[in-house]
Amino acid sequence: AVTPTMAEDVAITAQQLPQEAQTFLKTNFANNKVVAAFHDNDISDNDYTVMLENGAKVEFDSKGKWESVKCRNGQMPAGVVPARIQSYLSSQYPTLGIEKIERKRYGYEVELTNDLDLKFDSNGKFVGLDD
């Protein structure tokens with residue numbers, strides 16, 4: 001029997017991230033230094049995780065496209081959230097910040113600072129609450 005080996009997260013430098021990930025970080029987190037970056041290249045996954053000095057955590061797929069962004073205290077950079085979602089949240093939840101946004105197969109899931117999880121389709125249209 002052959003047992004596949006599972007690679008663990010390997011520490012890398014920010015310059016070793018895919019170009020799209022580097023551009024995303026420079027655009028949305030220009031004032032935050034990368035304190036740790038990891039590449040997970042195993043059989044089931046090939047992705048990257050980046051920790052920033054402000055406590056933010058960003059996960060990227062193998063090509064450098066962001067999959068999730070988690071920020072402390074709801075301090076999500078405006079450029080991360082699609083405009084239609086941002087508009088909906090500003091009108092429906094004007095006093096709440098965004099703790100986390102994730103890309104899903106169906107669209108996006110957003111966690112607000114009050115722990116409410118909202119689902120949006122790929123066009124940014126609100127589709128419901130996650131329980």
# chains A, B, ... in the order shown; residues from 1 in each chain; ligands from 1
>>> select_by_dssp(residues="chain A", states="alpha helix (DSSP H)", output="ChimeraX atom specification")
/A:19-28,83-92
>>> write_last_selection(atoms="N, CA and C atoms", output="PDB file, in the first residue's frame")
ATOM      1  N   GLN A  19       1.884  36.512  -7.778  1.00  0.00           N
ATOM      2  CA  GLN A  19       1.825  37.938  -8.073  1.00  0.00           C
ATOM      3  C   GLN A  19       0.465  38.548  -7.736  1.00  0.00           C
ATOM      4  N   GLU A  20      -0.622  37.835  -8.029  1.00  0.00           N
ATOM      5  CA  GLU A  20      -1.964  38.355  -7.733  1.00  0.00           C
ATOM      6  C   GLU A  20      -2.153  38.586  -6.229  1.00  0.00           C
ATOM      7  N   ALA A  21      -1.606  37.696  -5.413  1.00  0.00           N
ATOM      8  CA  ALA A  21      -1.694  37.859  -3.954  1.00  0.00           C
ATOM      9  C   ALA A  21      -0.876  39.066  -3.501  1.00  0.00           C
ATOM     10  N   GLN A  22       0.318  39.228  -4.067  1.00  0.00           N
ATOM     11  CA  GLN A  22       1.161  40.370  -3.711  1.00  0.00           C
ATOM     12  C   GLN A  22       0.453  41.681  -4.062  1.00  0.00           C
ATOM     13  N   THR A  23      -0.167  41.731  -5.228  1.00  0.00           N
ATOM     14  CA  THR A  23      -0.889  42.932  -5.666  1.00  0.00           C
ATOM     15  C   THR A  23      -2.065  43.217  -4.737  1.00  0.00           C
ATOM     16  N   PHE A  24      -2.815  42.186  -4.361  1.00  0.00           N
ATOM     17  CA  PHE A  24      -3.952  42.337  -3.448  1.00  0.00           C
ATOM     18  C   PHE A  24      -3.491  42.942  -2.124  1.00  0.00           C
ATOM     19  N   LEU A  25      -2.407  42.421  -1.572  1.00  0.00           N
ATOM     20  CA  LEU A  25      -1.898  42.923  -0.299  1.00  0.00           C
ATOM     21  C   LEU A  25      -1.422  44.368  -0.412  1.00  0.00           C
ATOM     22  N   LYS A  26      -0.713  44.697  -1.488  1.00  0.00           N
ATOM     23  CA  LYS A  26      -0.227  46.069  -1.685  1.00  0.00           C
ATOM     24  C   LYS A  26      -1.384  47.040  -1.860  1.00  0.00           C
ATOM     25  N   THR A  27      -2.439  46.592  -2.516  1.00  0.00           N
ATOM     26  CA  THR A  27      -3.595  47.449  -2.784  1.00  0.00           C
ATOM     27  C   THR A  27      -4.447  47.660  -1.532  1.00  0.00           C
ATOM     28  N   ASN A  28      -4.712  46.605  -0.799  1.00  0.00           N
ATOM     29  CA  ASN A  28      -5.662  46.662   0.313  1.00  0.00           C
ATOM     30  C   ASN A  28      -5.041  46.766   1.706  1.00  0.00           C
ATOM     31  N   ALA A  83     -18.691  46.054  -4.291  1.00  0.00           N
ATOM     32  CA  ALA A  83     -19.469  47.282  -4.102  1.00  0.00           C
ATOM     33  C   ALA A  83     -20.934  47.017  -3.757  1.00  0.00           C
ATOM     34  N   ARG A  84     -21.572  46.058  -4.416  1.00  0.00           N
ATOM     35  CA  ARG A  84     -22.988  45.790  -4.155  1.00  0.00           C
ATOM     36  C   ARG A  84     -23.199  45.268  -2.732  1.00  0.00           C
ATOM     37  N   ILE A  85     -22.278  44.450  -2.244  1.00  0.00           N
ATOM     38  CA  ILE A  85     -22.368  43.946  -0.876  1.00  0.00           C
ATOM     39  C   ILE A  85     -22.138  45.086   0.110  1.00  0.00           C
ATOM     40  N   GLN A  86     -21.129  45.903  -0.162  1.00  0.00           N
ATOM     41  CA  GLN A  86     -20.831  47.037   0.716  1.00  0.00           C
ATOM     42  C   GLN A  86     -22.021  47.980   0.800  1.00  0.00           C
ATOM     43  N   SER A  87     -22.671  48.222  -0.320  1.00  0.00           N
ATOM     44  CA  SER A  87     -23.839  49.099  -0.357  1.00  0.00           C
ATOM     45  C   SER A  87     -24.975  48.523   0.492  1.00  0.00           C
ATOM     46  N   TYR A  88     -25.227  47.232   0.359  1.00  0.00           N
ATOM     47  CA  TYR A  88     -26.275  46.571   1.144  1.00  0.00           C
ATOM     48  C   TYR A  88     -25.962  46.664   2.637  1.00  0.00           C
ATOM     49  N   LEU A  89     -24.734  46.357   3.005  1.00  0.00           N
ATOM     50  CA  LEU A  89     -24.353  46.383   4.421  1.00  0.00           C
ATOM     51  C   LEU A  89     -24.423  47.794   4.992  1.00  0.00           C
ATOM     52  N   SER A  90     -24.024  48.789   4.213  1.00  0.00           N
ATOM     53  CA  SER A  90     -24.073  50.180   4.674  1.00  0.00           C
ATOM     54  C   SER A  90     -25.497  50.635   4.938  1.00  0.00           C
ATOM     55  N   SER A  91     -26.438  50.158   4.113  1.00  0.00           N
ATOM     56  CA  SER A  91     -27.826  50.574   4.301  1.00  0.00           C
ATOM     57  C   SER A  91     -28.548  49.752   5.371  1.00  0.00           C
ATOM     58  N   GLN A  92     -28.262  48.465   5.486  1.00  0.00           N
ATOM     59  CA  GLN A  92     -28.960  47.591   6.422  1.00  0.00           C
ATOM     60  C   GLN A  92     -28.306  47.489   7.797  1.00  0.00           C
TER      61      GLN A  92
END
>>> atom_distance(atom1="CA of Val34 in chain A", atom2="CA of Asp61 in chain A")
17.3 Å
>>> atom_distance(atom1="CA of Ala37 in chain A", atom2="CA of Leu17 in chain A")
8.2 Å
>>> residues_around(residues="range 106-115 of chain A", least_positions_apart="3", cutoff="10 Å", atoms="only C-alpha atoms", output="PyMOL selection string")
chain A and resi 67-75+81-82+85+89+93+95-103+118-130
>>> write_last_selection(atoms="N, CA, C and O atoms", output="short mmCIF file (atom, residue, chain, number, x, y, z; two decimals), in the first residue's frame")
data_model
loop_
_atom_site.label_atom_id
_atom_site.label_comp_id
_atom_site.auth_asym_id
_atom_site.auth_seq_id
_atom_site.Cartn_x
_atom_site.Cartn_y
_atom_site.Cartn_z
N GLU A 67 -9.35 34.03 -0.97
CA GLU A 67 -10.46 33.14 -0.63
C GLU A 67 -11.19 33.63 0.61
O GLU A 67 -12.39 33.49 0.72
N SER A 68 -10.42 34.17 1.57
CA SER A 68 -11.04 34.74 2.77
C SER A 68 -10.14 35.82 3.35
O SER A 68 -8.92 35.76 3.22
N VAL A 69 -10.80 36.80 3.97
CA VAL A 69 -10.09 37.89 4.63
C VAL A 69 -10.76 38.07 5.98
O VAL A 69 -11.97 38.27 6.06
N LYS A 70 -9.96 38.00 7.04
CA LYS A 70 -10.47 38.18 8.39
C LYS A 70 -9.72 39.34 9.02
O LYS A 70 -8.49 39.36 9.02
N CYS A 71 -10.47 40.30 9.54
CA CYS A 71 -9.87 41.50 10.14
C CYS A 71 -10.38 41.70 11.55
O CYS A 71 -11.54 41.45 11.83
N ARG A 72 -9.51 42.18 12.40
CA ARG A 72 -9.90 42.47 13.77
C ARG A 72 -10.76 43.72 13.82
O ARG A 72 -10.58 44.65 13.05
N ASN A 73 -11.69 43.73 14.75
CA ASN A 73 -12.52 44.91 15.05
C ASN A 73 -13.30 45.45 13.85
O ASN A 73 -13.64 46.61 13.80
N GLY A 74 -13.55 44.61 12.86
CA GLY A 74 -14.36 45.03 11.72
C GLY A 74 -13.68 46.04 10.83
O GLY A 74 -14.34 46.77 10.10
N GLN A 75 -12.37 46.10 10.85
CA GLN A 75 -11.62 47.06 10.05
C GLN A 75 -11.27 46.51 8.66
O GLN A 75 -10.12 46.46 8.28
N VAL A 81 -14.36 44.25 -0.24
CA VAL A 81 -15.77 43.88 -0.32
C VAL A 81 -16.37 44.39 -1.64
O VAL A 81 -16.26 45.58 -1.94
N PRO A 82 -17.00 43.50 -2.41
CA PRO A 82 -17.64 43.96 -3.65
C PRO A 82 -18.62 45.11 -3.38
O PRO A 82 -19.30 45.12 -2.35
N ILE A 85 -22.28 44.45 -2.24
CA ILE A 85 -22.37 43.95 -0.88
C ILE A 85 -22.14 45.09 0.11
O ILE A 85 -22.87 45.25 1.09
N LEU A 89 -24.73 46.36 3.01
CA LEU A 89 -24.35 46.38 4.42
C LEU A 89 -24.42 47.79 4.99
O LEU A 89 -24.86 47.99 6.12
N TYR A 93 -26.98 47.62 7.83
CA TYR A 93 -26.23 47.46 9.08
C TYR A 93 -25.17 48.57 9.20
O TYR A 93 -23.97 48.29 9.29
N THR A 95 -24.08 50.48 11.48
CA THR A 95 -23.22 50.62 12.66
C THR A 95 -22.29 49.43 12.87
O THR A 95 -21.50 49.43 13.81
N LEU A 96 -22.38 48.43 12.00
CA LEU A 96 -21.57 47.22 12.17
C LEU A 96 -20.42 47.16 11.17
O LEU A 96 -20.54 47.62 10.05
N GLY A 97 -19.32 46.59 11.61
CA GLY A 97 -18.18 46.38 10.72
C GLY A 97 -18.18 44.96 10.20
O GLY A 97 -18.96 44.11 10.63
N ILE A 98 -17.27 44.68 9.29
CA ILE A 98 -17.13 43.35 8.71
C ILE A 98 -15.92 42.68 9.32
O ILE A 98 -14.80 43.19 9.22
N GLU A 99 -16.15 41.55 9.98
CA GLU A 99 -15.06 40.77 10.59
C GLU A 99 -14.38 39.87 9.56
O GLU A 99 -13.18 39.69 9.60
N LYS A 100 -15.21 39.27 8.67
CA LYS A 100 -14.66 38.29 7.74
C LYS A 100 -15.50 38.24 6.47
O LYS A 100 -16.72 38.38 6.53
N ILE A 101 -14.84 38.04 5.36
CA ILE A 101 -15.53 37.79 4.10
C ILE A 101 -14.86 36.58 3.45
O ILE A 101 -13.64 36.46 3.47
N GLU A 102 -15.69 35.67 2.94
CA GLU A 102 -15.19 34.46 2.29
C GLU A 102 -15.84 34.30 0.93
O GLU A 102 -17.03 34.56 0.77
N ARG A 103 -15.05 33.85 -0.03
CA ARG A 103 -15.61 33.45 -1.33
C ARG A 103 -16.09 32.01 -1.18
O ARG A 103 -15.37 31.16 -0.65
N LEU A 118 -24.05 36.59 6.83
CA LEU A 118 -24.94 36.85 5.70
C LEU A 118 -24.38 36.21 4.45
O LEU A 118 -23.16 36.16 4.25
N LYS A 119 -25.28 35.72 3.59
CA LYS A 119 -24.89 35.10 2.33
C LYS A 119 -25.29 36.00 1.17
O LYS A 119 -26.39 36.59 1.17
N PHE A 120 -24.40 36.06 0.18
CA PHE A 120 -24.63 36.84 -1.03
C PHE A 120 -24.28 35.97 -2.22
O PHE A 120 -23.37 35.14 -2.15
N ASP A 121 -25.02 36.16 -3.34
CA ASP A 121 -24.69 35.39 -4.53
C ASP A 121 -23.45 35.99 -5.19
O ASP A 121 -22.88 36.98 -4.71
N SER A 122 -23.02 35.41 -6.30
CA SER A 122 -21.78 35.86 -6.95
C SER A 122 -21.88 37.27 -7.51
O SER A 122 -20.87 37.89 -7.80
N ASN A 123 -23.11 37.78 -7.65
CA ASN A 123 -23.31 39.15 -8.12
C ASN A 123 -23.43 40.15 -6.96
O ASN A 123 -23.67 41.33 -7.18
N GLY A 124 -23.33 39.65 -5.73
CA GLY A 124 -23.41 40.52 -4.57
C GLY A 124 -24.83 40.77 -4.07
O GLY A 124 -25.05 41.63 -3.23
N LYS A 125 -25.79 39.98 -4.56
CA LYS A 125 -27.18 40.12 -4.11
C LYS A 125 -27.38 39.32 -2.83
O LYS A 125 -26.99 38.15 -2.75
N PHE A 126 -28.00 39.95 -1.82
CA PHE A 126 -28.27 39.28 -0.55
C PHE A 126 -29.21 38.11 -0.79
O PHE A 126 -30.24 38.25 -1.44
N VAL A 127 -28.85 36.92 -0.25
CA VAL A 127 -29.70 35.74 -0.43
C VAL A 127 -30.18 35.15 0.89
O VAL A 127 -31.08 34.33 0.89
N GLY A 128 -29.59 35.55 2.02
CA GLY A 128 -30.09 35.05 3.29
C GLY A 128 -29.06 35.07 4.39
O GLY A 128 -27.91 35.46 4.20
N LEU A 129 -29.52 34.61 5.55
CA LEU A 129 -28.67 34.53 6.72
C LEU A 129 -28.16 33.09 6.85
O LEU A 129 -28.84 32.16 6.48
N ASP A 130 -26.98 32.96 7.40
CA ASP A 130 -26.42 31.64 7.66
C ASP A 130 -26.64 31.33 9.13
O ASP A 130 -26.35 32.15 9.97
#
>>> select_by_dssp(residues="chain A", states="strand (DSSP E or B)", output="PDB file with N, CA and C atoms, in the first residue's frame")
ATOM      1  N   VAL A  10       4.515  25.496   4.860  1.00  0.00           N
ATOM      2  CA  VAL A  10       5.914  25.876   4.758  1.00  0.00           C
ATOM      3  C   VAL A  10       5.997  27.390   4.812  1.00  0.00           C
ATOM      4  N   ALA A  11       6.830  27.909   5.695  1.00  0.00           N
ATOM      5  CA  ALA A  11       6.999  29.363   5.791  1.00  0.00           C
ATOM      6  C   ALA A  11       7.675  29.879   4.523  1.00  0.00           C
ATOM      7  N   ILE A  12       7.141  30.977   4.004  1.00  0.00           N
ATOM      8  CA  ILE A  12       7.694  31.612   2.811  1.00  0.00           C
ATOM      9  C   ILE A  12       7.772  33.118   3.058  1.00  0.00           C
ATOM     10  N   VAL A  34       3.617  42.203   6.246  1.00  0.00           N
ATOM     11  CA  VAL A  34       3.396  40.763   6.373  1.00  0.00           C
ATOM     12  C   VAL A  34       4.314  40.259   7.482  1.00  0.00           C
ATOM     13  N   VAL A  35       3.716  39.649   8.509  1.00  0.00           N
ATOM     14  CA  VAL A  35       4.522  39.106   9.607  1.00  0.00           C
ATOM     15  C   VAL A  35       4.765  37.610   9.452  1.00  0.00           C
ATOM     16  N   ALA A  36       3.913  36.943   8.682  1.00  0.00           N
ATOM     17  CA  ALA A  36       4.094  35.517   8.414  1.00  0.00           C
ATOM     18  C   ALA A  36       3.328  35.148   7.154  1.00  0.00           C
ATOM     19  N   ALA A  37       3.930  34.280   6.364  1.00  0.00           N
ATOM     20  CA  ALA A  37       3.274  33.763   5.162  1.00  0.00           C
ATOM     21  C   ALA A  37       3.595  32.280   5.060  1.00  0.00           C
ATOM     22  N   PHE A  38       2.597  31.508   4.654  1.00  0.00           N
ATOM     23  CA  PHE A  38       2.754  30.061   4.575  1.00  0.00           C
ATOM     24  C   PHE A  38       2.185  29.538   3.263  1.00  0.00           C
ATOM     25  N   HIS A  39       2.823  28.505   2.742  1.00  0.00           N
ATOM     26  CA  HIS A  39       2.336  27.815   1.548  1.00  0.00           C
ATOM     27  C   HIS A  39       1.972  26.403   1.967  1.00  0.00           C
ATOM     28  N   ASP A  40       0.738  26.015   1.729  1.00  0.00           N
ATOM     29  CA  ASP A  40       0.256  24.673   2.035  1.00  0.00           C
ATOM     30  C   ASP A  40       0.100  23.952   0.707  1.00  0.00           C
ATOM     31  N   ASN A  41       1.017  23.041   0.421  1.00  0.00           N
ATOM     32  CA  ASN A  41       0.990  22.346  -0.861  1.00  0.00           C
ATOM     33  C   ASN A  41       0.917  20.849  -0.607  1.00  0.00           C
ATOM     34  N   ASN A  46      -3.613  23.499  -2.265  1.00  0.00           N
ATOM     35  CA  ASN A  46      -2.414  24.214  -2.672  1.00  0.00           C
ATOM     36  C   ASN A  46      -2.739  25.678  -2.493  1.00  0.00           C
ATOM     37  N   ASP A  47      -2.588  26.167  -1.274  1.00  0.00           N
ATOM     38  CA  ASP A  47      -2.987  27.539  -1.018  1.00  0.00           C
ATOM     39  C   ASP A  47      -1.992  28.256  -0.115  1.00  0.00           C
ATOM     40  N   TYR A  48      -2.299  29.515   0.153  1.00  0.00           N
ATOM     41  CA  TYR A  48      -1.401  30.383   0.915  1.00  0.00           C
ATOM     42  C   TYR A  48      -2.176  31.063   2.036  1.00  0.00           C
ATOM     43  N   THR A  49      -1.493  31.266   3.159  1.00  0.00           N
ATOM     44  CA  THR A  49      -2.060  32.007   4.279  1.00  0.00           C
ATOM     45  C   THR A  49      -1.072  33.101   4.652  1.00  0.00           C
ATOM     46  N   VAL A  50      -1.605  34.316   4.860  1.00  0.00           N
ATOM     47  CA  VAL A  50      -0.765  35.453   5.209  1.00  0.00           C
ATOM     48  C   VAL A  50      -1.319  36.109   6.474  1.00  0.00           C
ATOM     49  N   MET A  51      -0.430  36.381   7.414  1.00  0.00           N
ATOM     50  CA  MET A  51      -0.787  37.101   8.631  1.00  0.00           C
ATOM     51  C   MET A  51      -0.135  38.480   8.551  1.00  0.00           C
ATOM     52  N   LEU A  52      -0.915  39.526   8.855  1.00  0.00           N
ATOM     53  CA  LEU A  52      -0.414  40.893   8.790  1.00  0.00           C
ATOM     54  C   LEU A  52      -0.222  41.467  10.185  1.00  0.00           C
ATOM     55  N   LYS A  57      -5.839  38.268   8.684  1.00  0.00           N
ATOM     56  CA  LYS A  57      -5.423  36.988   8.107  1.00  0.00           C
ATOM     57  C   LYS A  57      -6.081  36.880   6.735  1.00  0.00           C
ATOM     58  N   VAL A  58      -5.261  36.611   5.712  1.00  0.00           N
ATOM     59  CA  VAL A  58      -5.776  36.497   4.351  1.00  0.00           C
ATOM     60  C   VAL A  58      -5.372  35.131   3.801  1.00  0.00           C
ATOM     61  N   GLU A  59      -6.337  34.447   3.207  1.00  0.00           N
ATOM     62  CA  GLU A  59      -6.059  33.162   2.578  1.00  0.00           C
ATOM     63  C   GLU A  59      -6.250  33.306   1.076  1.00  0.00           C
ATOM     64  N   PHE A  60      -5.304  32.724   0.326  1.00  0.00           N
ATOM     65  CA  PHE A  60      -5.310  32.794  -1.130  1.00  0.00           C
ATOM     66  C   PHE A  60      -5.312  31.394  -1.718  1.00  0.00           C
ATOM     67  N   TRP A  66      -7.771  35.841  -3.609  1.00  0.00           N
ATOM     68  CA  TRP A  66      -8.153  35.731  -2.199  1.00  0.00           C
ATOM     69  C   TRP A  66      -9.379  34.829  -2.041  1.00  0.00           C
ATOM     70  N   GLU A  67      -9.350  34.035  -0.974  1.00  0.00           N
ATOM     71  CA  GLU A  67     -10.459  33.142  -0.632  1.00  0.00           C
ATOM     72  C   GLU A  67     -11.187  33.635   0.611  1.00  0.00           C
ATOM     73  N   SER A  68     -10.424  34.174   1.571  1.00  0.00           N
ATOM     74  CA  SER A  68     -11.043  34.738   2.772  1.00  0.00           C
ATOM     75  C   SER A  68     -10.140  35.823   3.351  1.00  0.00           C
ATOM     76  N   VAL A  69     -10.803  36.800   3.966  1.00  0.00           N
ATOM     77  CA  VAL A  69     -10.091  37.892   4.630  1.00  0.00           C
ATOM     78  C   VAL A  69     -10.756  38.075   5.984  1.00  0.00           C
ATOM     79  N   LYS A  70      -9.957  37.995   7.038  1.00  0.00           N
ATOM     80  CA  LYS A  70     -10.472  38.180   8.389  1.00  0.00           C
ATOM     81  C   LYS A  70      -9.715  39.345   9.019  1.00  0.00           C
ATOM     82  N   ILE A  98     -17.274  44.684   9.293  1.00  0.00           N
ATOM     83  CA  ILE A  98     -17.132  43.351   8.707  1.00  0.00           C
ATOM     84  C   ILE A  98     -15.915  42.677   9.324  1.00  0.00           C
ATOM     85  N   GLU A  99     -16.145  41.551   9.979  1.00  0.00           N
ATOM     86  CA  GLU A  99     -15.059  40.773  10.591  1.00  0.00           C
ATOM     87  C   GLU A  99     -14.383  39.874   9.559  1.00  0.00           C
ATOM     88  N   LYS A 100     -15.209  39.273   8.669  1.00  0.00           N
ATOM     89  CA  LYS A 100     -14.665  38.292   7.739  1.00  0.00           C
ATOM     90  C   LYS A 100     -15.503  38.242   6.473  1.00  0.00           C
ATOM     91  N   ILE A 101     -14.836  38.042   5.357  1.00  0.00           N
ATOM     92  CA  ILE A 101     -15.529  37.789   4.097  1.00  0.00           C
ATOM     93  C   ILE A 101     -14.860  36.583   3.447  1.00  0.00           C
ATOM     94  N   GLU A 102     -15.686  35.672   2.937  1.00  0.00           N
ATOM     95  CA  GLU A 102     -15.189  34.462   2.289  1.00  0.00           C
ATOM     96  C   GLU A 102     -15.840  34.298   0.930  1.00  0.00           C
ATOM     97  N   ARG A 103     -15.053  33.853  -0.035  1.00  0.00           N
ATOM     98  CA  ARG A 103     -15.609  33.455  -1.331  1.00  0.00           C
ATOM     99  C   ARG A 103     -16.086  32.010  -1.175  1.00  0.00           C
ATOM    100  N   GLY A 107     -21.084  32.244  -3.997  1.00  0.00           N
ATOM    101  CA  GLY A 107     -20.884  33.685  -3.932  1.00  0.00           C
ATOM    102  C   GLY A 107     -20.007  34.077  -2.764  1.00  0.00           C
ATOM    103  N   TYR A 108     -20.609  34.768  -1.776  1.00  0.00           N
ATOM    104  CA  TYR A 108     -19.837  35.274  -0.643  1.00  0.00           C
ATOM    105  C   TYR A 108     -20.569  35.032   0.666  1.00  0.00           C
ATOM    106  N   GLU A 109     -19.796  34.875   1.732  1.00  0.00           N
ATOM    107  CA  GLU A 109     -20.349  34.851   3.073  1.00  0.00           C
ATOM    108  C   GLU A 109     -19.628  35.935   3.857  1.00  0.00           C
ATOM    109  N   VAL A 110     -20.412  36.757   4.563  1.00  0.00           N
ATOM    110  CA  VAL A 110     -19.861  37.880   5.314  1.00  0.00           C
ATOM    111  C   VAL A 110     -20.245  37.735   6.775  1.00  0.00           C
ATOM    112  N   GLU A 111     -19.257  37.859   7.656  1.00  0.00           N
ATOM    113  CA  GLU A 111     -19.515  37.830   9.094  1.00  0.00           C
ATOM    114  C   GLU A 111     -19.341  39.247   9.628  1.00  0.00           C
ATOM    115  N   LEU A 112     -20.392  39.741  10.286  1.00  0.00           N
ATOM    116  CA  LEU A 112     -20.356  41.090  10.839  1.00  0.00           C
ATOM    117  C   LEU A 112     -19.807  41.070  12.264  1.00  0.00           C
ATOM    118  N   ASP A 117     -23.969  36.163  10.254  1.00  0.00           N
ATOM    119  CA  ASP A 117     -23.413  35.705   8.980  1.00  0.00           C
ATOM    120  C   ASP A 117     -24.444  35.885   7.881  1.00  0.00           C
ATOM    121  N   LEU A 118     -24.046  36.590   6.829  1.00  0.00           N
ATOM    122  CA  LEU A 118     -24.938  36.851   5.705  1.00  0.00           C
ATOM    123  C   LEU A 118     -24.378  36.209   4.446  1.00  0.00           C
ATOM    124  N   LYS A 119     -25.280  35.723   3.592  1.00  0.00           N
ATOM    125  CA  LYS A 119     -24.886  35.101   2.329  1.00  0.00           C
ATOM    126  C   LYS A 119     -25.294  36.002   1.167  1.00  0.00           C
ATOM    127  N   PHE A 120     -24.401  36.065   0.185  1.00  0.00           N
ATOM    128  CA  PHE A 120     -24.635  36.841  -1.027  1.00  0.00           C
ATOM    129  C   PHE A 120     -24.283  35.971  -2.219  1.00  0.00           C
ATOM    130  N   ASP A 121     -25.022  36.156  -3.341  1.00  0.00           N
ATOM    131  CA  ASP A 121     -24.688  35.393  -4.534  1.00  0.00           C
ATOM    132  C   ASP A 121     -23.446  35.992  -5.193  1.00  0.00           C
ATOM    133  N   PHE A 126     -27.996  39.950  -1.824  1.00  0.00           N
ATOM    134  CA  PHE A 126     -28.275  39.284  -0.550  1.00  0.00           C
ATOM    135  C   PHE A 126     -29.210  38.110  -0.788  1.00  0.00           C
ATOM    136  N   VAL A 127     -28.846  36.925  -0.247  1.00  0.00           N
ATOM    137  CA  VAL A 127     -29.699  35.740  -0.432  1.00  0.00           C
ATOM    138  C   VAL A 127     -30.178  35.152   0.887  1.00  0.00           C
ATOM    139  N   GLY A 128     -29.594  35.552   2.017  1.00  0.00           N
ATOM    140  CA  GLY A 128     -30.092  35.050   3.286  1.00  0.00           C
ATOM    141  C   GLY A 128     -29.065  35.067   4.390  1.00  0.00           C
ATOM    142  N   LEU A 129     -29.524  34.610   5.549  1.00  0.00           N
ATOM    143  CA  LEU A 129     -28.672  34.528   6.720  1.00  0.00           C
ATOM    144  C   LEU A 129     -28.161  33.095   6.851  1.00  0.00           C
ATOM    145  N   ASP A 130     -26.976  32.957   7.399  1.00  0.00           N
ATOM    146  CA  ASP A 130     -26.420  31.637   7.656  1.00  0.00           C
ATOM    147  C   ASP A 130     -26.643  31.331   9.129  1.00  0.00           C
TER     148      ASP A 130
END
>>> atom_distance(atom1="CA of Asp45 in chain A", atom2="CA of Gly64 in chain A")
13.2 Å
>>> closest_residue(among="A:Ala56, A:Thr13, A:Phe29, A:Glu8", to="Gly79 in chain A", atoms="only C-alpha atoms")
A:Phe29
